[in-house]
Structures are given as structure tokens and as C-alpha cells.
file target.csv (CSV, C-alpha atoms)
chain,number,residue,atom,x,y,z
A,1,MET,CA,-29.2,37.7,-34.9
A,2,ILE,CA,-26.9,39.6,-32.6
A,3,PRO,CA,-23.1,38.9,-33.0
A,4,ALA,CA,-21.6,36.6,-30.4
A,5,THR,CA,-19.1,39.3,-29.3
A,6,GLU,CA,-22.0,41.7,-28.6
A,7,THR,CA,-23.8,39.0,-26.6
A,8,LEU,CA,-20.6,38.3,-24.6
A,9,ARG,CA,-20.1,42.1,-23.9
A,10,LEU,CA,-23.7,42.4,-22.6
A,11,ALA,CA,-23.3,39.3,-20.4
A,12,LEU,CA,-20.1,40.6,-18.9
A,13,ARG,CA,-21.6,44.1,-18.3
A,14,ALA,CA,-24.5,42.5,-16.5
A,15,LEU,CA,-22.1,40.6,-14.2
A,16,ARG,CA,-20.1,43.8,-13.5
A,17,ARG,CA,-23.2,45.7,-12.5
A,18,ASN,CA,-23.6,43.3,-9.6
A,19,LYS,CA,-20.0,42.5,-8.6
A,20,LEU,CA,-20.8,41.3,-5.0
A,21,ARG,CA,-23.7,39.1,-6.1
A,22,SER,CA,-21.6,37.7,-8.9
A,23,PHE,CA,-18.8,36.8,-6.5
A,24,LEU,CA,-21.1,35.2,-3.9
A,25,THR,CA,-22.7,33.2,-6.7
A,26,ALA,CA,-19.3,31.9,-7.9
A,27,LEU,CA,-18.2,31.2,-4.3
A,28,GLY,CA,-19.9,27.8,-4.2
A,29,ILE,CA,-18.0,26.8,-7.4
A,30,ILE,CA,-14.8,28.2,-5.9
A,31,ILE,CA,-15.1,26.1,-2.7
A,32,GLY,CA,-16.2,23.0,-4.6
A,33,VAL,CA,-13.3,23.1,-7.1
A,34,ALA,CA,-10.8,24.1,-4.4
A,35,ALA,CA,-11.9,21.1,-2.2
A,36,VAL,CA,-11.6,18.7,-5.1
A,37,ILE,CA,-8.1,19.9,-6.2
A,38,CYS,CA,-6.9,19.9,-2.6
A,39,MET,CA,-8.2,16.5,-1.7
A,40,VAL,CA,-7.1,14.7,-4.9
A,41,SER,CA,-3.6,16.3,-4.8
A,42,ILE,CA,-3.0,15.3,-1.2
A,43,GLY,CA,-4.4,11.8,-2.0
A,44,GLU,CA,-2.0,11.5,-5.0
A,45,GLY,CA,0.8,12.6,-2.8
A,46,ALA,CA,0.0,10.0,-0.2
A,47,LYS,CA,0.0,7.3,-2.9
A,48,GLN,CA,3.3,8.4,-4.2
A,49,ARG,CA,4.8,8.6,-0.7
A,50,ILE,CA,3.6,5.1,0.2
A,51,ARG,CA,5.0,3.7,-3.1
A,52,THR,CA,8.4,5.4,-2.4
A,53,GLN,CA,8.5,4.2,1.2
A,54,ILE,CA,7.7,0.6,0.3
A,55,GLU,CA,10.2,0.7,-2.6
A,56,SER,CA,12.8,1.8,-0.1
A,57,THR,CA,12.5,-1.6,1.5
A,58,GLY,CA,14.4,-2.9,-1.5
A,59,THR,CA,13.9,-3.8,-5.2
A,60,ASN,CA,12.7,-7.2,-6.4
A,61,VAL,CA,12.0,-8.2,-2.8
A,62,VAL,CA,9.9,-11.2,-1.8
A,63,LEU,CA,9.1,-11.7,1.9
A,64,LEU,CA,9.0,-15.4,3.1
A,65,PHE,CA,7.1,-16.1,6.3
A,66,SER,CA,6.6,-19.2,8.3
A,67,GLY,CA,3.1,-20.7,8.7
A,68,SER,CA,0.3,-19.6,11.0
A,69,SER,CA,-0.5,-21.3,14.3
A,70,SER,CA,-3.9,-22.7,15.3
A,71,SER,CA,-5.0,-23.4,18.9
A,72,GLY,CA,-8.5,-23.7,20.4
A,73,GLY,CA,-10.1,-22.4,17.3
A,74,MET,CA,-7.9,-19.3,17.3
A,75,ARG,CA,-5.6,-18.9,14.3
A,76,GLY,CA,-2.5,-16.8,14.5
A,77,GLY,CA,-1.0,-14.6,11.8
A,78,MET,CA,1.8,-15.2,9.3
A,79,GLY,CA,4.9,-16.4,11.0
A,80,SER,CA,3.3,-17.4,14.3
A,81,GLN,CA,4.2,-21.1,13.8
A,82,PRO,CA,7.9,-21.6,13.0
A,83,THR,CA,8.2,-23.8,9.9
A,84,ILE,CA,11.2,-22.4,7.9
A,85,THR,CA,14.4,-24.2,8.9
A,86,TRP,CA,18.0,-23.0,8.4
A,87,ASP,CA,18.4,-25.8,5.9
A,88,ASP,CA,15.3,-24.4,4.0
A,89,LEU,CA,17.0,-21.0,3.9
A,90,ARG,CA,20.2,-22.4,2.5
A,91,ALA,CA,18.3,-24.3,-0.1
A,92,VAL,CA,16.4,-21.1,-1.1
A,93,GLN,CA,19.8,-19.3,-1.4
A,94,THR,CA,21.6,-21.9,-3.5
A,95,GLU,CA,19.0,-24.0,-5.4
A,96,LEU,CA,16.7,-21.5,-7.1
A,97,PRO,CA,17.7,-19.8,-10.3
A,98,ALA,CA,15.3,-16.9,-9.9
A,99,VAL,CA,16.7,-16.0,-6.5
A,100,ARG,CA,19.7,-13.7,-6.2
A,101,ALA,CA,20.0,-13.6,-2.4
A,102,ALA,CA,18.2,-14.4,0.8
A,103,ALA,CA,18.6,-13.2,4.4
A,104,PRO,CA,16.8,-13.9,7.7
A,105,LEU,CA,15.7,-11.0,9.9
A,106,SER,CA,15.0,-11.6,13.6
A,107,ARG,CA,14.1,-8.7,15.8
A,108,THR,CA,13.4,-7.7,19.4
A,109,GLY,CA,12.7,-4.4,21.2
A,110,THR,CA,15.2,-3.6,23.9
A,111,GLN,CA,17.3,-0.8,25.5
A,112,ALA,CA,20.7,0.1,24.1
A,113,ILE,CA,23.1,1.9,26.4
A,114,SER,CA,26.2,4.1,25.6
A,115,GLU,CA,28.5,5.7,28.0
A,116,SER,CA,26.1,8.6,28.7
A,117,GLN,CA,22.7,7.8,27.1
A,118,THR,CA,20.0,5.1,27.1
A,119,TRP,CA,17.8,4.6,24.1
A,120,THR,CA,14.9,2.1,23.5
A,121,THR,CA,15.2,0.7,20.0
A,122,THR,CA,14.9,-2.4,17.9
A,123,VAL,CA,17.8,-4.8,17.6
A,124,TYR,CA,17.8,-7.0,14.4
A,125,GLY,CA,19.8,-10.2,13.8
A,126,THR,CA,20.6,-10.8,10.1
A,127,THR,CA,23.3,-11.6,7.6
A,128,PRO,CA,25.4,-9.4,5.3
A,129,GLU,CA,23.1,-10.2,2.3
A,130,TYR,CA,20.3,-8.3,4.0
A,131,PHE,CA,21.8,-4.9,3.2
A,132,THR,CA,22.4,-5.9,-0.4
A,133,ILE,CA,18.8,-7.0,-0.8
A,134,ARG,CA,17.5,-3.7,0.6
A,135,ASN,CA,20.0,-1.6,-1.3
A,136,TRP,CA,21.0,-0.1,2.0
A,137,SER,CA,24.4,1.6,1.8
A,138,ILE,CA,26.9,2.2,4.6
A,139,ALA,CA,27.5,5.9,5.2
A,140,ARG,CA,30.5,5.4,7.4
A,141,GLY,CA,32.6,2.4,8.5
A,142,SER,CA,31.9,-1.1,7.2
A,143,GLY,CA,29.0,-3.5,7.2
A,144,LEU,CA,28.6,-6.9,8.8
A,145,THR,CA,30.8,-9.6,7.2
A,146,ALA,CA,30.7,-13.4,6.7
A,147,SER,CA,33.4,-13.7,9.4
A,148,ASP,CA,31.3,-11.8,11.9
A,149,GLN,CA,28.5,-14.3,11.2
A,150,ALA,CA,30.8,-17.3,11.4
A,151,GLY,CA,32.4,-16.1,14.7
A,152,ALA,CA,29.2,-14.6,16.3
A,153,ALA,CA,31.2,-11.4,16.6
A,154,LYS,CA,29.8,-8.6,18.9
A,155,ASN,CA,29.9,-6.1,16.1
A,156,ALA,CA,26.9,-3.8,15.3
A,157,VAL,CA,25.8,-1.6,12.4
A,158,ILE,CA,23.4,1.2,13.5
A,159,GLY,CA,20.9,3.6,11.9
A,160,GLN,CA,21.1,7.3,12.0
A,161,THR,CA,18.5,7.7,14.7
A,162,VAL,CA,20.3,5.4,17.1
A,163,ALA,CA,23.6,7.1,16.5
A,164,GLU,CA,22.1,10.6,17.3
A,165,ASN,CA,20.4,9.4,20.4
A,166,LEU,CA,23.2,7.3,21.9
A,167,PHE,CA,26.2,9.3,20.8
A,168,GLY,CA,24.9,12.8,19.9
A,169,ALA,CA,24.3,14.5,16.6
A,170,GLY,CA,27.4,15.0,14.5
A,171,THR,CA,29.5,12.5,16.6
A,172,ASP,CA,31.3,9.7,14.7
A,173,PRO,CA,29.9,6.5,16.2
A,174,ILE,CA,32.5,4.2,14.5
A,175,GLY,CA,34.5,2.4,17.2
A,176,GLN,CA,32.2,3.4,20.0
A,177,VAL,CA,30.8,0.8,22.3
A,178,LEU,CA,27.1,0.3,23.1
A,179,ARG,CA,25.6,-2.3,25.4
A,180,VAL,CA,22.6,-4.5,24.7
A,181,ARG,CA,21.4,-6.9,27.4
A,182,ASN,CA,24.5,-6.2,29.4
A,183,ALA,CA,26.8,-7.3,26.5
A,184,PRO,CA,29.1,-4.8,24.8
A,185,TYR,CA,29.0,-4.3,21.0
A,186,ILE,CA,31.5,-2.3,18.9
A,187,VAL,CA,29.9,-0.1,16.3
A,188,VAL,CA,31.6,-0.9,13.0
A,189,GLY,CA,29.1,0.8,10.6
A,190,LEU,CA,26.7,3.7,10.3
A,191,LEU,CA,23.9,3.2,7.7
A,192,GLU,CA,22.6,5.8,5.2
A,193,SER,CA,19.3,7.3,6.3
A,194,LYS,CA,16.2,5.5,5.0
A,195,GLY,CA,13.6,7.6,6.7
A,196,GLN,CA,10.1,6.5,7.3
A,197,GLY,CA,9.0,3.0,6.2
A,198,GLY,CA,5.7,2.0,4.4
A,199,MET,CA,4.0,1.4,7.8
A,200,GLY,CA,5.2,4.7,9.3
A,201,GLU,CA,8.1,3.2,11.3
A,202,ASP,CA,11.5,4.9,11.5
A,203,GLN,CA,13.8,2.7,9.6
A,204,ASP,CA,16.8,4.5,11.0
A,205,ASP,CA,15.9,3.5,14.6
A,206,ALA,CA,17.7,0.1,14.4
A,207,ILE,CA,20.7,-1.8,15.5
A,208,PHE,CA,21.9,-4.7,13.3
A,209,VAL,CA,24.1,-7.6,14.6
A,210,PRO,CA,25.0,-11.0,13.1
A,211,ILE,CA,22.2,-13.5,13.3
A,212,SER,CA,24.5,-15.9,15.1
A,213,THR,CA,25.2,-13.3,17.7
A,214,PHE,CA,21.5,-12.5,18.0
A,215,GLN,CA,20.6,-16.1,18.7
A,216,ALA,CA,23.4,-16.7,21.1
A,217,ARG,CA,23.2,-13.5,23.2
A,218,ILE,CA,20.0,-11.7,22.6
A,219,GLN,CA,17.1,-14.1,21.8
A,220,GLY,CA,17.8,-17.8,22.0
A,221,GLY,CA,15.4,-20.7,21.4
A,222,LEU,CA,14.1,-22.3,18.2
A,223,SER,CA,17.7,-23.0,17.0
A,224,GLN,CA,16.4,-25.3,14.2
A,225,TYR,CA,14.0,-22.7,12.8
A,226,VAL,CA,14.4,-19.2,11.4
A,227,ARG,CA,12.8,-16.7,13.7
A,228,GLY,CA,11.1,-13.9,11.7
A,229,PRO,CA,10.7,-13.3,8.0
A,230,VAL,CA,13.2,-14.1,5.3
A,231,TYR,CA,14.0,-11.4,2.8
A,232,VAL,CA,14.5,-12.8,-0.7
A,233,SER,CA,15.8,-10.9,-3.7
A,234,ALA,CA,14.7,-12.0,-7.2
A,235,VAL,CA,17.3,-11.7,-10.0
A,236,SER,CA,15.0,-9.0,-11.6
A,237,SER,CA,11.6,-7.4,-11.3
A,238,GLU,CA,10.3,-9.7,-14.0
A,239,ALA,CA,11.4,-12.7,-12.1
A,240,ILE,CA,9.5,-12.0,-8.9
A,241,ASP,CA,6.6,-14.3,-9.8
A,242,ALA,CA,9.0,-17.0,-10.9
A,243,ALA,CA,10.9,-16.7,-7.6
A,244,ARG,CA,7.7,-17.0,-5.6
A,245,ALA,CA,6.7,-20.1,-7.5
A,246,GLN,CA,10.1,-21.7,-7.1
A,247,ILE,CA,10.2,-21.0,-3.4
A,248,ALA,CA,6.7,-22.5,-3.0
A,249,SER,CA,7.7,-25.6,-5.0
A,250,LEU,CA,10.9,-26.1,-3.1
A,251,LEU,CA,9.4,-25.7,0.4
A,252,ARG,CA,6.4,-27.9,-0.4
A,253,GLU,CA,8.8,-30.6,-1.5
A,254,ARG,CA,11.1,-30.2,1.5
A,255,HIS,CA,8.2,-30.1,4.0
A,256,ARG,CA,6.7,-33.2,2.3
A,257,LEU,CA,3.3,-31.6,1.8
A,258,ALA,CA,0.6,-33.6,0.0
A,259,PRO,CA,-1.0,-32.0,-3.1
A,260,ASP,CA,-4.2,-31.4,-1.1
A,261,GLU,CA,-2.4,-29.8,1.9
A,262,GLU,CA,-2.1,-26.1,2.4
A,263,ASP,CA,1.3,-24.4,2.4
A,264,ASP,CA,2.8,-24.1,5.8
A,265,PHE,CA,4.5,-20.9,4.8
A,266,SER,CA,3.5,-17.7,2.8
A,267,THR,CA,5.2,-15.2,0.5
A,268,ARG,CA,4.4,-11.6,-0.1
A,269,SER,CA,6.0,-9.3,-2.7
A,270,MET,CA,6.6,-5.6,-2.3
A,271,ALA,CA,4.5,-5.0,-5.4
A,272,GLU,CA,1.5,-6.6,-3.6
A,273,MET,CA,2.0,-4.5,-0.5
A,274,THR,CA,2.3,-1.3,-2.7
A,275,GLY,CA,-0.9,-2.2,-4.5
A,276,THR,CA,-2.8,-2.9,-1.3
A,277,LEU,CA,-1.8,0.3,0.4
A,278,THR,CA,-2.3,2.5,-2.7
A,279,SER,CA,-5.6,0.9,-3.4
A,280,ALA,CA,-6.8,1.9,0.1
A,281,THR,CA,-5.5,5.4,-0.3
A,282,GLN,CA,-7.2,5.6,-3.7
A,283,THR,CA,-10.5,4.6,-2.1
A,284,LEU,CA,-10.1,7.3,0.6
A,285,THR,CA,-9.2,9.9,-2.0
A,286,THR,CA,-12.2,9.0,-4.1
A,287,LEU,CA,-14.5,9.3,-1.1
A,288,LEU,CA,-13.1,12.7,-0.2
A,289,ALA,CA,-13.3,13.9,-3.8
A,290,SER,CA,-16.9,12.7,-4.0
A,291,ILE,CA,-17.8,14.7,-0.9
A,292,ALA,CA,-16.0,17.8,-2.4
A,293,LEU,CA,-18.0,17.3,-5.6
A,294,VAL,CA,-21.2,17.6,-3.6
A,295,SER,CA,-20.2,21.1,-2.7
A,296,LEU,CA,-19.6,21.8,-6.4
A,297,ILE,CA,-23.1,20.7,-7.2
A,298,VAL,CA,-24.4,22.9,-4.4
A,299,GLY,CA,-22.5,25.7,-6.0
A,300,GLY,CA,-24.2,25.0,-9.3
A,301,ILE,CA,-27.6,25.2,-7.6
A,302,GLY,CA,-26.6,28.5,-6.3
A,303,VAL,CA,-25.7,29.7,-9.8
A,304,MET,CA,-29.1,28.6,-11.0
A,305,ASN,CA,-30.9,30.3,-8.1
A,306,ILE,CA,-29.2,33.6,-8.7
A,307,MET,CA,-29.7,33.4,-12.4
A,308,LEU,CA,-33.4,32.9,-11.8
A,309,VAL,CA,-33.5,36.0,-9.6
A,310,SER,CA,-31.6,37.9,-12.3
A,311,VAL,CA,-34.2,36.9,-14.9
A,312,THR,CA,-37.0,38.1,-12.7
A,313,GLU,CA,-35.2,41.4,-12.0
A,314,ARG,CA,-34.4,42.0,-15.7
A,315,THR,CA,-37.7,41.0,-17.2
A,316,ARG,CA,-38.3,44.6,-18.5
A,317,GLU,CA,-34.8,44.7,-19.9
A,318,ILE,CA,-35.4,41.4,-21.7
A,319,GLY,CA,-38.7,42.8,-23.1
A,320,ILE,CA,-37.0,45.9,-24.5
A,321,ARG,CA,-34.2,43.8,-26.1
A,322,MET,CA,-36.8,41.6,-27.8
A,323,ALA,CA,-38.8,44.7,-28.9
A,324,VAL,CA,-35.8,46.1,-30.7
A,325,GLY,CA,-35.0,42.8,-32.5
A,326,ALA,CA,-33.3,40.4,-30.2
A,327,GLN,CA,-34.2,36.8,-30.8
A,328,PRO,CA,-35.0,34.2,-28.1
A,329,SER,CA,-31.7,32.5,-29.0
A,330,ASP,CA,-29.9,35.8,-28.2
A,331,ILE,CA,-31.5,36.1,-24.8
A,332,MET,CA,-30.7,32.5,-24.0
A,333,ALA,CA,-27.1,32.8,-25.1
A,334,GLN,CA,-26.7,35.9,-22.9
A,335,PHE,CA,-27.8,34.2,-19.8
A,336,LEU,CA,-25.9,31.0,-20.6
A,337,ILE,CA,-22.7,33.0,-21.1
A,338,GLU,CA,-23.3,34.7,-17.7
A,339,ALA,CA,-23.7,31.4,-16.0
A,340,LEU,CA,-20.7,29.9,-17.8
A,341,THR,CA,-18.6,32.9,-17.0
A,342,LEU,CA,-19.4,32.7,-13.3
A,343,ALA,CA,-18.6,29.0,-13.3
A,344,ALA,CA,-15.3,29.4,-15.3
A,345,ILE,CA,-14.1,32.3,-13.1
A,346,GLY,CA,-15.1,30.3,-10.0
A,347,GLY,CA,-13.3,27.2,-11.3
A,348,ALA,CA,-10.1,29.1,-12.0
A,349,ILE,CA,-10.0,30.8,-8.6
A,350,GLY,CA,-10.9,27.4,-7.0
A,351,VAL,CA,-7.9,25.7,-8.7
A,352,LEU,CA,-5.6,28.4,-7.3
A,353,LEU,CA,-7.1,28.2,-3.8
A,354,GLY,CA,-7.0,24.3,-3.9
A,355,LEU,CA,-3.3,24.3,-4.9
A,356,GLY,CA,-2.5,26.9,-2.2
A,357,ALA,CA,-4.5,25.0,0.5
A,358,GLY,CA,-2.8,21.8,-0.5
A,359,GLU,CA,0.7,23.4,-0.2
A,360,LEU,CA,-0.2,24.9,3.2
A,361,LEU,CA,-1.5,21.6,4.5
A,362,SER,CA,1.6,19.8,3.2
A,363,ALA,CA,3.9,22.2,4.8
A,364,ARG,CA,2.0,22.2,8.1
A,365,PHE,CA,1.5,18.5,8.6
A,366,GLY,CA,4.4,17.1,6.5
A,367,TRP,CA,2.2,15.6,3.9
A,368,SER,CA,3.1,15.0,0.3
A,369,MET,CA,1.2,16.7,-2.5
A,370,VAL,CA,1.1,15.9,-6.2
A,371,ALA,CA,-0.9,18.3,-8.5
A,372,ARG,CA,-1.9,16.3,-11.5
A,373,THR,CA,-2.6,18.4,-14.7
A,374,ASP,CA,-5.4,16.1,-15.8
A,375,ILE,CA,-7.2,16.5,-12.5
A,376,ILE,CA,-6.9,20.3,-12.8
A,377,VAL,CA,-8.2,20.3,-16.4
A,378,MET,CA,-11.1,18.0,-15.3
A,379,ALA,CA,-12.0,20.3,-12.4
A,380,LEU,CA,-12.2,23.2,-14.8
A,381,LEU,CA,-14.3,21.3,-17.3
A,382,VAL,CA,-16.6,20.1,-14.5
A,383,SER,CA,-17.1,23.6,-13.2
A,384,ALA,CA,-17.8,24.9,-16.7
A,385,GLY,CA,-20.3,22.0,-17.2
A,386,VAL,CA,-22.0,22.9,-13.9
A,387,GLY,CA,-22.4,26.5,-15.2
A,388,ILE,CA,-24.0,25.3,-18.4
A,389,VAL,CA,-26.2,22.6,-16.8
A,390,PHE,CA,-27.5,24.9,-14.1
A,391,GLY,CA,-27.7,27.9,-16.4
A,392,ILE,CA,-29.9,26.3,-19.0
A,393,TYR,CA,-33.2,26.5,-17.1
A,394,PRO,CA,-32.9,30.2,-16.2
A,395,ALA,CA,-31.7,31.0,-19.8
A,396,ARG,CA,-34.7,29.1,-21.3
A,397,LYS,CA,-37.1,30.8,-18.9
A,398,ALA,CA,-35.7,34.2,-20.0
A,399,ALA,CA,-35.9,33.3,-23.7
A,400,ARG,CA,-39.5,32.2,-23.5
A,401,LEU,CA,-40.8,35.4,-22.0
A,402,ASN,CA,-43.5,37.1,-23.9
A,403,PRO,CA,-42.2,40.5,-25.1
A,404,ILE,CA,-45.4,42.3,-24.4
A,405,ASP,CA,-45.8,40.9,-20.9
A,406,ALA,CA,-42.1,41.6,-20.3
A,407,LEU,CA,-42.5,45.3,-21.3
A,408,ARG,CA,-45.5,45.6,-18.9
A,409,TYR,CA,-43.6,44.0,-16.0
A,410,GLU,CA,-43.0,46.4,-13.1

call {"tool": "encode", "arguments": {"input": "target.csv", "output": "C-alpha cells"}}
result
Amino acid sequence: MIPATETLRLALRALRRNKLRSFLTALGIIIGVAAVICMVSIGEGAKQRIRTQIESTGTNVVLLFSGSSSSGGMRGGMGSQPTITWDDLRAVQTELPAVRAAAPLSRTGTQAISESQTWTTTVYGTTPEYFTIRNWSIARGSGLTASDQAGAAKNAVIGQTVAENLFGAGTDPIGQVLRVRNAPYIVVGLLESKGQGGMGEDQDDAIFVPISTFQARIQGGLSQYVRGPVYVSAVSSEAIDAARAQIASLLRERHRLAPDEEDDFSTRSMAEMTGTLTSATQTLTTLLASIALVSLIVGGIGVMNIMLVSVTERTREIGIRMAVGAQPSDIMAQFLIEALTLAAIGGAIGVLLGLGAGELLSARFGWSMVARTDIIVMALLVSAGVGIVFGIYPARKAARLNPIDALRYE
């Protein structure tokens, strides 16, 4: 029995004799592992980014929507049929122990005009509680106040994008005047930057005014009902389900819904939205990783093919080794080590290339990337497994050669 170190030395020497062929054989493994690492890392980065963006909407948040409309067999989406009244909102704010705060959010797209610039943006009507619910701090100036709400004041709090496009980068917008629908508004606050939202929108491209001002001067109608969603903050993350249950019970009672009637409202939690989007991202990542694994299998077939060619080319060498005392197990071990070495080297290079490609793509397209250690280890183990699985047949074929026939082989 030949020592394992000697078998390893012989295997490595055989690979070094055919450097180019060894590299080309490992190339399939390299590409497969690199593709898996790159796809999975970018997919994990996308999931983390989605989670971060949705969490930026606020902690412990439940969204309350009005019901859906139905006309001529066509059913509208959430909020298409106004059902939440201002009295309902006050009841949610004051009567539910699991609710910390609640704020309406009405919106419309329009142009905002400063002394020298015009910018198309989104104007929101809300109450001071909205910024507390969303954990949105004021960078400069002050926020909306209860007195602004009570007096329908023409004050506005703006996002960073609006400030830059209406007043110029680096300019202090506090005290400046902007016009919306021909009415002047004084900028009293500049919000901290929130960046991109969970749906890809620019959260900083926004103007906020008191909801009373919004109803009176920007978008009237439906005075009895809340237009748009209501942001509700639970007292803690553990109380989100309790808050939803209490909201449902309260509104069903206030709307006098029979036990067999459907809710004329709906609620969604941020955790639900995070789960839905990350699940979709996970599915896409799995699909891409599966495609990448196919190339890894193709690389394994390439290893087997080249090893079979190697067995044929080295038949006489195998016969000589057997004639001087090498056992079939020694021959099999040598060819298995060669296949495993090719796969392991290919896997290591593939990991480095995959990480490098992921970094380049992230920098080029602004994607996030998260390199998970367990995925890297798994990719290396899979590549080694591919080497063993696809190296067994050539190794067994070499070990089963008849020494006399092998010595006669030309």
C-alpha cells in the first residue's frame, strides 16, 4: 500500500504536467461557483435592502385602509371606497390600549414653485403624530404642530430632495416661501433624509402640510371620511397583532357590521410587507442560484471527461505502477485526488471571482451585496463533492485495468 502523501504527490505532479488542460478542466467549476456566490450574495443584499427600506417607514407600524369599491363586476383595490371616518380615527387614537398613535396621510401629485424654480412633487396632508410614528426627525427648523392643524396654517415641512430642487443644494430653506396651487406656504422644517422607500420611491421628494390645510386648500371633498391610509403605531412590536385585532373589533362595532359581513376596511403590518417582498426576492435568488448550479454540474461533467481522457493517455503508466506493486486502491486514490484537487482549486478561485464580480456589480448598479459565510462554505463543499462524484467513474476505470493489457497499450 502506497502512503497517502506519495499518492498525493503523484497526483499533483500529473496535474502540473498538463497545466493548461488542468486549468481548462477547472474552468467549469470556477464559473459555476462564481455564479452561485455572485447571485446568492446579490440576492441576500437585495433582501437586506428591502428589509431596511421597509423598516425606515417606521417601527411597529400598522397601515389602516378603507374598503374596496365594487361596480359593474369590477372590484377596486384597498382604499378605493371611503369607509374610515374622522370619528373612527379619533376612536382608534384614544380607545385602544395597544395603539400608541395614529395619523392620516392624504396625498396628491402637483407642482411646487419657489422664487426661481418649479418642481413636480408629492404633497401630503397629515398630523404631527405622523413623524413620530415613522421615526422621522427634523434636520432643521421645526415640525408641524397641533396649532398648525387647528388653524389650518399654511406651513410646510419638506424633504431633502424638494429643498435641493426648489432652493438649491446647501441653501437653508427655513423661512422660505413656496407655492402650491397658487397658495403660499412658509417652510418651517427640513426633514432628515430617508432615502429610497420599500417600493423604490424617493421618500425625500415630499412636502407635508397640516391635514386641515390639505383638505381646505389642496384637495377638498369627502369631508366626513379620511382620504388615504391611516398610519397606526402599536405600543411595541409584540403588540402589533393585538393592535390589529383591536382596530378590527372597534371598526366592526362602529360600522355596525353583522358577524357574517366582511370587513369594510383592511390592515397591513410592515412585517407582512417585509415578508412578502423578501419572499419574492428569495424565490428569484433561488432560481438564479439553481441556474448557476447547472453550470457547476456542467463543470463536473468536464472534469469527468478530461479524467477519462487522462486514464486513456496514461494506460501504460498505470500498468507500470501496478507491475511494481501499486494496488487498484492506490490507482483509484490517485485519480480521485486529481479530480478533487481540480474541483477544490476551481471552487476557491470561483469564490474569489464571485465575490469580486458581486462587488463590481454592486458598485456599478448601486446594488447591495451580502456575502454569507455559510453560502461560501457550501459552495466549496459542493465543488469538492462534484469533483468526487464525477471523478469516481474515471478512477474506477483506471483501477480496474488489467496490468498486462495496460503494459501492452500503445

call {"tool": "residues_around", "arguments": {"input": "target.csv", "residues": "A:Pro128", "least_positions_apart": "6", "cutoff": "9 Å", "atoms": "only C-alpha atoms", "output": "list in words"}}
result
Ala103, Gly143, Leu144, Thr145, Ala146, Gln149 and Pro210 of chain A

call {"tool": "residues_around", "arguments": {"input": "target.csv", "residues": "A:Val99", "least_positions_apart": "5", "cutoff": "7 Å", "atoms": "only C-alpha atoms", "output": "ChimeraX atom specification"}}
result
/A:93,232-235,243

call {"tool": "residues_around", "arguments": {"input": "target.csv", "residues": "A:Ala206", "least_positions_apart": "6", "cutoff": "10 Å", "atoms": "all atoms listed in the file", "output": "JSON, numbers by chain"}}
result
{"A": [107, 109, 120, 121, 122, 123, 124, 157, 158, 159, 160, 161, 162, 163, 191]}

call {"tool": "residues_around", "arguments": {"input": "target.csv", "residues": "A:Gly300", "least_positions_apart": "4", "cutoff": "7 Å", "atoms": "all atoms listed in the file", "output": "list of chain:residue names"}}
result
A:Ile29, A:Leu296, A:Met304, A:Val386, A:Gly387, A:Phe390

call {"tool": "write_last_selection", "arguments": {"input": "target.csv", "atoms": "C-alpha atoms", "output": "mmCIF file, in the coordinates of the input"}}
result
data_model
loop_
_atom_site.group_PDB
_atom_site.id
_atom_site.type_symbol
_atom_site.label_atom_id
_atom_site.label_comp_id
_atom_site.auth_asym_id
_atom_site.auth_seq_id
_atom_site.Cartn_x
_atom_site.Cartn_y
_atom_site.Cartn_z
ATOM 1 C CA ILE A 29 -18.000 26.800 -7.400
ATOM 2 C CA LEU A 296 -19.600 21.800 -6.400
ATOM 3 C CA MET A 304 -29.100 28.600 -11.000
ATOM 4 C CA VAL A 386 -22.000 22.900 -13.900
ATOM 5 C CA GLY A 387 -22.400 26.500 -15.200
ATOM 6 C CA PHE A 390 -27.500 24.900 -14.100
#

call {"tool": "atom_distance", "arguments": {"input": "target.csv", "atom1": "atom CA of A:Ala150", "atom2": "atom CA of A:Thr127"}}
result
10.2 Å

call {"tool": "closest_residue", "arguments": {"input": "target.csv", "among": "A:Val40, A:Ala26, A:Ile375, A:Ile84", "to": "A:His255", "atoms": "all atoms listed in the file"}}
result
A:Ile84

call {"tool": "residues_around", "arguments": {"input": "target.csv", "residues": "A:Leu355", "least_positions_apart": "4", "cutoff": "12 Å", "atoms": "all atoms listed in the file", "output": "number ranges by chain"}}
result
A: 33-42, 348-351, 359-362, 369-373, 375-376
